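Novice: There's a structure below that I have some questions on.
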Amino acid sequence: MRVVQEPRDSPAASQVRICRCRQPGLRLYTSAMLCADMRVAIQGELGSFSHEAAGKMLPRAMMVPCARSAEVFDRVEKGSVNAAIIPIENSLAGSVAEHFDLLLTREVFIHREYSLRIRHNLIASPGLTLTDIRRVFSHPVALDQCRNFFRTRPKIQAVPFYDTAGSVRHVMTEKLHDAAAIAPAQAAREYGGRVLLAGLEDDQQNYTRFLLISKSHKVGKGSNKTSIAFALKNLPGVLFKALSVFALRDIDLSKIESRPMRGRPWEYVFFVDILRGDDEAARNALRHLEEIAEFVKVLGIYPASTSALA
């Protein structure tokens, strides 16, 4: 691994494109995206969990770290990278709201998913011991997932930082001799740190789901999962009718959640994952949904993750 829809007559019409299910030009998503010269954007620093997930999904790719999520999507849309790896939800902390919003408004498509086991490590400069540590830097979510560590060590202060791997780089470059960081073990290798303690997370059933996105709308062989977004008018029973298009065809939903619709206070977009690929039942269900919804956008059709939860 190297480094270097549109609502009808809606105010959101300029942001969201309707994606019809009937796309005769769809071709199979091939292994071409796995080539060694592929450039892949990640959100966060090298050594982050996004970097670790990207290494699992695309081990030969060149990583392009980005400070902001919007920059990741900008790079994909402008073509300065071939693809991107983004976290979409954590099994404990929940969804990454900004990434749902960006998937809705940007011209990208989901091709793969991967569930990464999150292991938090206490990392400091070589030569330091746990008794030297008085401050621990990390992303607020990581700090929150290691409460027991701080509860049993009241003299150590938790200090929020913008990024897990970035906190390791900060501790190392600033030569802080009373501080450590909580981050993936890969961050220690990346910046020359030493793991003082491993497995700090309170709950070992801690996973983050990552998505591989690109501009291409090709659907790969073996795709058996579809992510969509849709909005509904506020009418009695309309959500029941929308979900019935899947129930009538015995299509299983693995996820549903809502997000506020920008520019339309107290109106919402529903994000749904269905356990079907680009088959006749799914296409018929989505055509049926288009008759009910204000808009429907297919966010991706891809193979469901088979990574072991262990």
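Ligands are numbered from 1 in the order shown, chains are lettered A, B, ... in the order of the structure tokens, and residues start at 1 in each chain.
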Which residues, written as a ChimeraX atom specification, have at least one atom at most 9 Å from Ala41 (chain A), with only C-alpha atoms counted and residues fewer than 4 positions away on the same chain left out?

Specialist: /A:62-66,71-73,75-76,81-86

Novice: Dump N, CA and C atoms for the selected residues as a PDB file, in the first residue's frame?

Specialist:
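Writing the result to selection-v1.pdb gives the following:
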ATOM      1  N   MET A  62      -2.658   3.313  -3.770  1.00  0.00           N
ATOM      2  CA  MET A  62      -1.948   4.465  -3.213  1.00  0.00           C
ATOM      3  C   MET A  62      -2.945   5.303  -2.404  1.00  0.00           C
ATOM      4  N   MET A  63      -2.649   5.538  -1.124  1.00  0.00           N
ATOM      5  CA  MET A  63      -3.558   6.261  -0.251  1.00  0.00           C
ATOM      6  C   MET A  63      -3.365   7.775  -0.367  1.00  0.00           C
ATOM      7  N   VAL A  64      -4.484   8.498  -0.413  1.00  0.00           N
ATOM      8  CA  VAL A  64      -4.459   9.962  -0.466  1.00  0.00           C
ATOM      9  C   VAL A  64      -5.244  10.479   0.739  1.00  0.00           C
ATOM     10  N   PRO A  65      -4.566  10.851   1.833  1.00  0.00           N
ATOM     11  CA  PRO A  65      -5.279  11.315   3.029  1.00  0.00           C
ATOM     12  C   PRO A  65      -5.897  12.688   2.810  1.00  0.00           C
ATOM     13  N   CYS A  66      -7.088  12.877   3.361  1.00  0.00           N
ATOM     14  CA  CYS A  66      -7.819  14.150   3.236  1.00  0.00           C
ATOM     15  C   CYS A  66      -8.255  14.615   4.622  1.00  0.00           C
ATOM     16  N   GLU A  71     -13.674  17.024   1.146  1.00  0.00           N
ATOM     17  CA  GLU A  71     -12.523  16.925   0.245  1.00  0.00           C
ATOM     18  C   GLU A  71     -12.448  15.530  -0.379  1.00  0.00           C
ATOM     19  N   VAL A  72     -12.778  14.501   0.394  1.00  0.00           N
ATOM     20  CA  VAL A  72     -12.780  13.135  -0.132  1.00  0.00           C
ATOM     21  C   VAL A  72     -13.732  13.042  -1.322  1.00  0.00           C
ATOM     22  N   PHE A  73     -14.964  13.536  -1.143  1.00  0.00           N
ATOM     23  CA  PHE A  73     -15.963  13.474  -2.208  1.00  0.00           C
ATOM     24  C   PHE A  73     -15.583  14.384  -3.372  1.00  0.00           C
ATOM     25  N   ARG A  75     -12.588  15.044  -4.431  1.00  0.00           N
ATOM     26  CA  ARG A  75     -11.541  14.369  -5.196  1.00  0.00           C
ATOM     27  C   ARG A  75     -12.122  13.265  -6.078  1.00  0.00           C
ATOM     28  N   VAL A  76     -13.106  12.540  -5.545  1.00  0.00           N
ATOM     29  CA  VAL A  76     -13.731  11.487  -6.343  1.00  0.00           C
ATOM     30  C   VAL A  76     -14.458  12.090  -7.537  1.00  0.00           C
ATOM     31  N   VAL A  81      -8.723  11.234  -7.766  1.00  0.00           N
ATOM     32  CA  VAL A  81      -8.521   9.885  -7.230  1.00  0.00           C
ATOM     33  C   VAL A  81      -9.480   8.955  -7.961  1.00  0.00           C
ATOM     34  N   ASN A  82      -9.167   7.675  -7.940  1.00  0.00           N
ATOM     35  CA  ASN A  82     -10.028   6.693  -8.597  1.00  0.00           C
ATOM     36  C   ASN A  82     -11.223   6.306  -7.747  1.00  0.00           C
ATOM     37  N   ALA A  83     -11.043   6.376  -6.442  1.00  0.00           N
ATOM     38  CA  ALA A  83     -12.095   5.938  -5.532  1.00  0.00           C
ATOM     39  C   ALA A  83     -11.802   6.490  -4.148  1.00  0.00           C
ATOM     40  N   ALA A  84     -12.668   6.162  -3.191  1.00  0.00           N
ATOM     41  CA  ALA A  84     -12.467   6.581  -1.801  1.00  0.00           C
ATOM     42  C   ALA A  84     -13.019   5.515  -0.871  1.00  0.00           C
ATOM     43  N   ILE A  85     -12.471   5.470   0.332  1.00  0.00           N
ATOM     44  CA  ILE A  85     -12.972   4.616   1.403  1.00  0.00           C
ATOM     45  C   ILE A  85     -13.498   5.527   2.495  1.00  0.00           C
ATOM     46  N   ILE A  86     -14.780   5.355   2.857  1.00  0.00           N
ATOM     47  CA  ILE A  86     -15.375   6.214   3.881  1.00  0.00           C
ATOM     48  C   ILE A  86     -16.042   5.368   4.960  1.00  0.00           C
TER      49      ILE A  86
END

Novice: Looking only at alpha helix (DSSP H) from DSSP on the backbone, list the matching residues of region 229-297 of chain A as a ChimeraX atom specification.

Specialist: /A:238-247,280-292

Novice: Grab the residues selected above and save them as a PDB file, in the first residue's frame with N, CA and C atoms.

Specialist:
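Done, and the output landed in again.pdb:
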ATOM      1  N   VAL A 238     -48.117   6.839   4.348  1.00  0.00           N
ATOM      2  CA  VAL A 238     -47.232   6.832   3.184  1.00  0.00           C
ATOM      3  C   VAL A 238     -45.967   6.013   3.447  1.00  0.00           C
ATOM      4  N   LEU A 239     -45.429   6.028   4.676  1.00  0.00           N
ATOM      5  CA  LEU A 239     -44.251   5.224   4.973  1.00  0.00           C
ATOM      6  C   LEU A 239     -44.597   3.736   4.925  1.00  0.00           C
ATOM      7  N   PHE A 240     -45.776   3.388   5.410  1.00  0.00           N
ATOM      8  CA  PHE A 240     -46.237   1.998   5.322  1.00  0.00           C
ATOM      9  C   PHE A 240     -46.305   1.553   3.867  1.00  0.00           C
ATOM     10  N   LYS A 241     -46.840   2.413   3.008  1.00  0.00           N
ATOM     11  CA  LYS A 241     -46.932   2.071   1.589  1.00  0.00           C
ATOM     12  C   LYS A 241     -45.540   1.920   0.967  1.00  0.00           C
ATOM     13  N   ALA A 242     -44.625   2.813   1.358  1.00  0.00           N
ATOM     14  CA  ALA A 242     -43.273   2.769   0.791  1.00  0.00           C
ATOM     15  C   ALA A 242     -42.558   1.468   1.166  1.00  0.00           C
ATOM     16  N   LEU A 243     -42.685   1.062   2.418  1.00  0.00           N
ATOM     17  CA  LEU A 243     -42.009  -0.152   2.860  1.00  0.00           C
ATOM     18  C   LEU A 243     -42.702  -1.407   2.339  1.00  0.00           C
ATOM     19  N   SER A 244     -43.976  -1.276   2.039  1.00  0.00           N
ATOM     20  CA  SER A 244     -44.729  -2.428   1.529  1.00  0.00           C
ATOM     21  C   SER A 244     -44.219  -2.894   0.168  1.00  0.00           C
ATOM     22  N   VAL A 245     -43.590  -2.002  -0.598  1.00  0.00           N
ATOM     23  CA  VAL A 245     -43.097  -2.424  -1.913  1.00  0.00           C
ATOM     24  C   VAL A 245     -42.023  -3.492  -1.773  1.00  0.00           C
ATOM     25  N   PHE A 246     -41.337  -3.496  -0.627  1.00  0.00           N
ATOM     26  CA  PHE A 246     -40.331  -4.527  -0.369  1.00  0.00           C
ATOM     27  C   PHE A 246     -40.964  -5.761   0.278  1.00  0.00           C
ATOM     28  N   ALA A 247     -41.859  -5.542   1.228  1.00  0.00           N
ATOM     29  CA  ALA A 247     -42.494  -6.673   1.918  1.00  0.00           C
ATOM     30  C   ALA A 247     -43.287  -7.537   0.947  1.00  0.00           C
ATOM     31  N   GLU A 280     -34.769  -8.746 -10.880  1.00  0.00           N
ATOM     32  CA  GLU A 280     -36.098  -8.298 -11.299  1.00  0.00           C
ATOM     33  C   GLU A 280     -36.956  -7.847 -10.124  1.00  0.00           C
ATOM     34  N   ALA A 281     -36.901  -8.582  -9.014  1.00  0.00           N
ATOM     35  CA  ALA A 281     -37.705  -8.214  -7.855  1.00  0.00           C
ATOM     36  C   ALA A 281     -37.303  -6.848  -7.316  1.00  0.00           C
ATOM     37  N   ALA A 282     -35.995  -6.591  -7.219  1.00  0.00           N
ATOM     38  CA  ALA A 282     -35.518  -5.303  -6.724  1.00  0.00           C
ATOM     39  C   ALA A 282     -35.894  -4.173  -7.675  1.00  0.00           C
ATOM     40  N   ARG A 283     -35.730  -4.410  -8.982  1.00  0.00           N
ATOM     41  CA  ARG A 283     -36.077  -3.368  -9.952  1.00  0.00           C
ATOM     42  C   ARG A 283     -37.568  -3.044  -9.900  1.00  0.00           C
ATOM     43  N   ASN A 284     -38.403  -4.072  -9.780  1.00  0.00           N
ATOM     44  CA  ASN A 284     -39.844  -3.832  -9.689  1.00  0.00           C
ATOM     45  C   ASN A 284     -40.206  -3.088  -8.411  1.00  0.00           C
ATOM     46  N   ALA A 285     -39.549  -3.437  -7.307  1.00  0.00           N
ATOM     47  CA  ALA A 285     -39.814  -2.761  -6.040  1.00  0.00           C
ATOM     48  C   ALA A 285     -39.448  -1.282  -6.129  1.00  0.00           C
ATOM     49  N   LEU A 286     -38.332  -0.979  -6.754  1.00  0.00           N
ATOM     50  CA  LEU A 286     -37.905   0.415  -6.846  1.00  0.00           C
ATOM     51  C   LEU A 286     -38.773   1.206  -7.822  1.00  0.00           C
ATOM     52  N   ARG A 287     -39.228   0.560  -8.891  1.00  0.00           N
ATOM     53  CA  ARG A 287     -40.175   1.243  -9.779  1.00  0.00           C
ATOM     54  C   ARG A 287     -41.473   1.549  -9.032  1.00  0.00           C
ATOM     55  N   HIS A 288     -41.924   0.610  -8.223  1.00  0.00           N
ATOM     56  CA  HIS A 288     -43.124   0.812  -7.411  1.00  0.00           C
ATOM     57  C   HIS A 288     -42.911   1.951  -6.412  1.00  0.00           C
ATOM     58  N   LEU A 289     -41.730   1.973  -5.806  1.00  0.00           N
ATOM     59  CA  LEU A 289     -41.413   3.030  -4.838  1.00  0.00           C
ATOM     60  C   LEU A 289     -41.404   4.398  -5.500  1.00  0.00           C
ATOM     61  N   GLU A 290     -40.938   4.483  -6.733  1.00  0.00           N
ATOM     62  CA  GLU A 290     -40.923   5.763  -7.448  1.00  0.00           C
ATOM     63  C   GLU A 290     -42.329   6.339  -7.620  1.00  0.00           C
ATOM     64  N   GLU A 291     -43.329   5.465  -7.672  1.00  0.00           N
ATOM     65  CA  GLU A 291     -44.713   5.929  -7.815  1.00  0.00           C
ATOM     66  C   GLU A 291     -45.233   6.559  -6.527  1.00  0.00           C
ATOM     67  N   ILE A 292     -44.590   6.236  -5.402  1.00  0.00           N
ATOM     68  CA  ILE A 292     -45.033   6.714  -4.091  1.00  0.00           C
ATOM     69  C   ILE A 292     -44.179   7.871  -3.592  1.00  0.00           C
TER      70      ILE A 292
END

Novice: Pick from A:Glu190, A:Leu104, A:Asn206, A:Pro126: nearest to Leu92 (chain A), with only C-alpha atoms counted?

Specialist: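 Of A:Glu190, A:Leu104, A:Asn206, A:Pro126, the one nearest Leu92 (chain A), counting only C-alpha atoms, is A:Asn206.
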
Novice: To test your reading of the structure, identify every residue in region 22-191 of chain A that backbone DSSP assigns to strand (DSSP E), and report it as a ChimeraX atom specification.

Specialist: /A:28-29,39-43,62-66,83-90,94-95,109-117,121-124,135-138,157-160,179-183

Novice: Store the residues picked out above in a file with N, CA and C atoms, as a tab-separated table (two decimals), in the first residue's frame.

Specialist:
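Result file part33.tsv:
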chain	number	residue	atom	x	y	z
A	28	LEU	N	-20.57	-5.06	-15.62
A	28	LEU	CA	-20.04	-5.64	-14.40
A	28	LEU	C	-18.88	-4.82	-13.87
A	29	TYR	N	-18.86	-4.67	-12.55
A	29	TYR	CA	-17.76	-4.01	-11.86
A	29	TYR	C	-16.60	-5.00	-11.79
A	39	ARG	N	-5.42	5.35	-7.10
A	39	ARG	CA	-5.34	6.36	-6.04
A	39	ARG	C	-6.66	6.36	-5.28
A	40	VAL	N	-6.58	6.22	-3.97
A	40	VAL	CA	-7.76	6.10	-3.12
A	40	VAL	C	-7.73	7.15	-2.02
A	41	ALA	N	-8.76	7.95	-1.94
A	41	ALA	CA	-8.86	8.98	-0.90
A	41	ALA	C	-9.39	8.37	0.38
A	42	ILE	N	-8.85	8.81	1.50
A	42	ILE	CA	-9.36	8.43	2.82
A	42	ILE	C	-9.55	9.69	3.64
A	43	GLN	N	-10.51	9.66	4.54
A	43	GLN	CA	-10.73	10.80	5.44
A	43	GLN	C	-9.91	10.58	6.69
A	62	MET	N	-2.66	3.31	-3.77
A	62	MET	CA	-1.95	4.47	-3.21
A	62	MET	C	-2.94	5.30	-2.40
A	63	MET	N	-2.65	5.54	-1.12
A	63	MET	CA	-3.56	6.26	-0.25
A	63	MET	C	-3.37	7.77	-0.37
A	64	VAL	N	-4.48	8.50	-0.41
A	64	VAL	CA	-4.46	9.96	-0.47
A	64	VAL	C	-5.24	10.48	0.74
A	65	PRO	N	-4.57	10.85	1.83
A	65	PRO	CA	-5.28	11.31	3.03
A	65	PRO	C	-5.90	12.69	2.81
A	66	CYS	N	-7.09	12.88	3.36
A	66	CYS	CA	-7.82	14.15	3.24
A	66	CYS	C	-8.25	14.61	4.62
A	83	ALA	N	-11.04	6.38	-6.44
A	83	ALA	CA	-12.09	5.94	-5.53
A	83	ALA	C	-11.80	6.49	-4.15
A	84	ALA	N	-12.67	6.16	-3.19
A	84	ALA	CA	-12.47	6.58	-1.80
A	84	ALA	C	-13.02	5.51	-0.87
A	85	ILE	N	-12.47	5.47	0.33
A	85	ILE	CA	-12.97	4.62	1.40
A	85	ILE	C	-13.50	5.53	2.49
A	86	ILE	N	-14.78	5.36	2.86
A	86	ILE	CA	-15.38	6.21	3.88
A	86	ILE	C	-16.04	5.37	4.96
A	87	PRO	N	-15.94	5.79	6.23
A	87	PRO	CA	-16.72	5.13	7.28
A	87	PRO	C	-18.17	5.61	7.19
A	88	ILE	N	-19.11	4.69	7.35
A	88	ILE	CA	-20.51	5.08	7.25
A	88	ILE	C	-21.27	4.86	8.55
A	89	GLU	N	-20.86	3.86	9.36
A	89	GLU	CA	-21.49	3.69	10.66
A	89	GLU	C	-20.64	2.82	11.56
A	90	ASN	N	-20.75	3.10	12.87
A	90	ASN	CA	-20.07	2.32	13.88
A	90	ASN	C	-21.12	1.59	14.70
A	94	GLY	N	-22.94	4.70	16.13
A	94	GLY	CA	-23.99	4.99	15.16
A	94	GLY	C	-23.45	5.51	13.85
A	95	SER	N	-24.32	6.18	13.12
A	95	SER	CA	-24.02	6.59	11.74
A	95	SER	C	-23.13	7.82	11.67
A	109	PHE	N	-21.01	6.40	-6.25
A	109	PHE	CA	-21.74	5.13	-6.23
A	109	PHE	C	-20.98	4.15	-5.33
A	110	ILE	N	-21.70	3.39	-4.52
A	110	ILE	CA	-21.09	2.43	-3.61
A	110	ILE	C	-20.82	1.12	-4.35
A	111	HIS	N	-19.60	0.58	-4.17
A	111	HIS	CA	-19.21	-0.66	-4.85
A	111	HIS	C	-18.90	-1.81	-3.90
A	112	ARG	N	-18.47	-1.50	-2.70
A	112	ARG	CA	-18.14	-2.56	-1.74
A	112	ARG	C	-18.34	-2.03	-0.33
A	113	GLU	N	-18.44	-2.96	0.63
A	113	GLU	CA	-18.47	-2.60	2.04
A	113	GLU	C	-17.54	-3.54	2.80
A	114	TYR	N	-17.08	-3.07	3.96
A	114	TYR	CA	-16.19	-3.87	4.79
A	114	TYR	C	-16.41	-3.50	6.25
A	115	SER	N	-16.54	-4.50	7.12
A	115	SER	CA	-16.71	-4.26	8.55
A	115	SER	C	-15.37	-4.48	9.25
A	116	LEU	N	-14.84	-3.41	9.81
A	116	LEU	CA	-13.52	-3.44	10.46
A	116	LEU	C	-13.69	-3.50	11.97
A	117	ARG	N	-13.06	-4.45	12.60
A	117	ARG	CA	-13.04	-4.53	14.06
A	117	ARG	C	-12.20	-3.39	14.59
A	121	ASN	N	-5.71	1.48	20.95
A	121	ASN	CA	-4.41	1.25	21.59
A	121	ASN	C	-3.88	2.54	22.19
A	122	LEU	N	-3.20	2.42	23.32
A	122	LEU	CA	-2.54	3.57	23.93
A	122	LEU	C	-1.13	3.63	23.38
A	123	ILE	N	-0.81	4.74	22.70
A	123	ILE	CA	0.45	4.87	21.97
A	123	ILE	C	1.21	6.09	22.49
A	124	ALA	N	2.49	5.92	22.76
A	124	ALA	CA	3.33	7.01	23.26
A	124	ALA	C	4.71	6.91	22.63
A	135	ARG	N	-1.76	12.90	30.12
A	135	ARG	CA	-2.76	13.33	29.13
A	135	ARG	C	-2.85	12.30	28.02
A	136	VAL	N	-4.07	12.08	27.53
A	136	VAL	CA	-4.27	11.17	26.41
A	136	VAL	C	-5.13	11.87	25.36
A	137	PHE	N	-4.58	12.01	24.16
A	137	PHE	CA	-5.26	12.66	23.05
A	137	PHE	C	-5.94	11.61	22.17
A	138	SER	N	-7.10	11.97	21.64
A	138	SER	CA	-7.74	11.15	20.61
A	138	SER	C	-9.03	11.81	20.15
A	157	GLN	N	-5.85	12.70	32.05
A	157	GLN	CA	-6.85	13.57	31.43
A	157	GLN	C	-7.10	13.17	29.99
A	158	ALA	N	-8.37	13.05	29.62
A	158	ALA	CA	-8.75	12.79	28.23
A	158	ALA	C	-8.82	14.12	27.48
A	159	VAL	N	-8.09	14.21	26.37
A	159	VAL	CA	-8.01	15.46	25.60
A	159	VAL	C	-8.55	15.20	24.19
A	160	PRO	N	-9.69	15.79	23.82
A	160	PRO	CA	-10.24	15.57	22.47
A	160	PRO	C	-9.31	16.13	21.39
A	179	ALA	N	2.42	12.59	27.62
A	179	ALA	CA	1.18	12.38	26.87
A	179	ALA	C	1.26	11.12	26.00
A	180	ALA	N	0.07	10.59	25.71
A	180	ALA	CA	-0.08	9.46	24.80
A	180	ALA	C	-1.30	9.72	23.94
A	181	ALA	N	-1.60	8.79	23.06
A	181	ALA	CA	-2.76	8.92	22.17
A	181	ALA	C	-3.45	7.56	22.07
A	182	ILE	N	-4.74	7.61	21.81
A	182	ILE	CA	-5.51	6.40	21.54
A	182	ILE	C	-5.76	6.32	20.05
A	183	ALA	N	-5.33	5.23	19.43
A	183	ALA	CA	-5.40	5.13	17.97
A	183	ALA	C	-5.18	3.68	17.55

Novice: Which is closer to Lys155 (chain A) than all the others in A:Arg68, A:Lys233, A:Arg134, A:Arg189, using only C-alpha atoms?

Specialist: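 Nearest candidate to Lys155 (chain A) out of A:Arg68, A:Lys233, A:Arg134, A:Arg189: A:Arg134.
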
Novice: From the set A:Leu102, A:Val168, A:Leu176, A:Ile301, which residue has the shortest atom-to-atom contact distance to Asp132 (chain A), counting only C-alpha atoms?

Specialist: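 Result for the nearest residue to Asp132 (chain A): A:Leu176.
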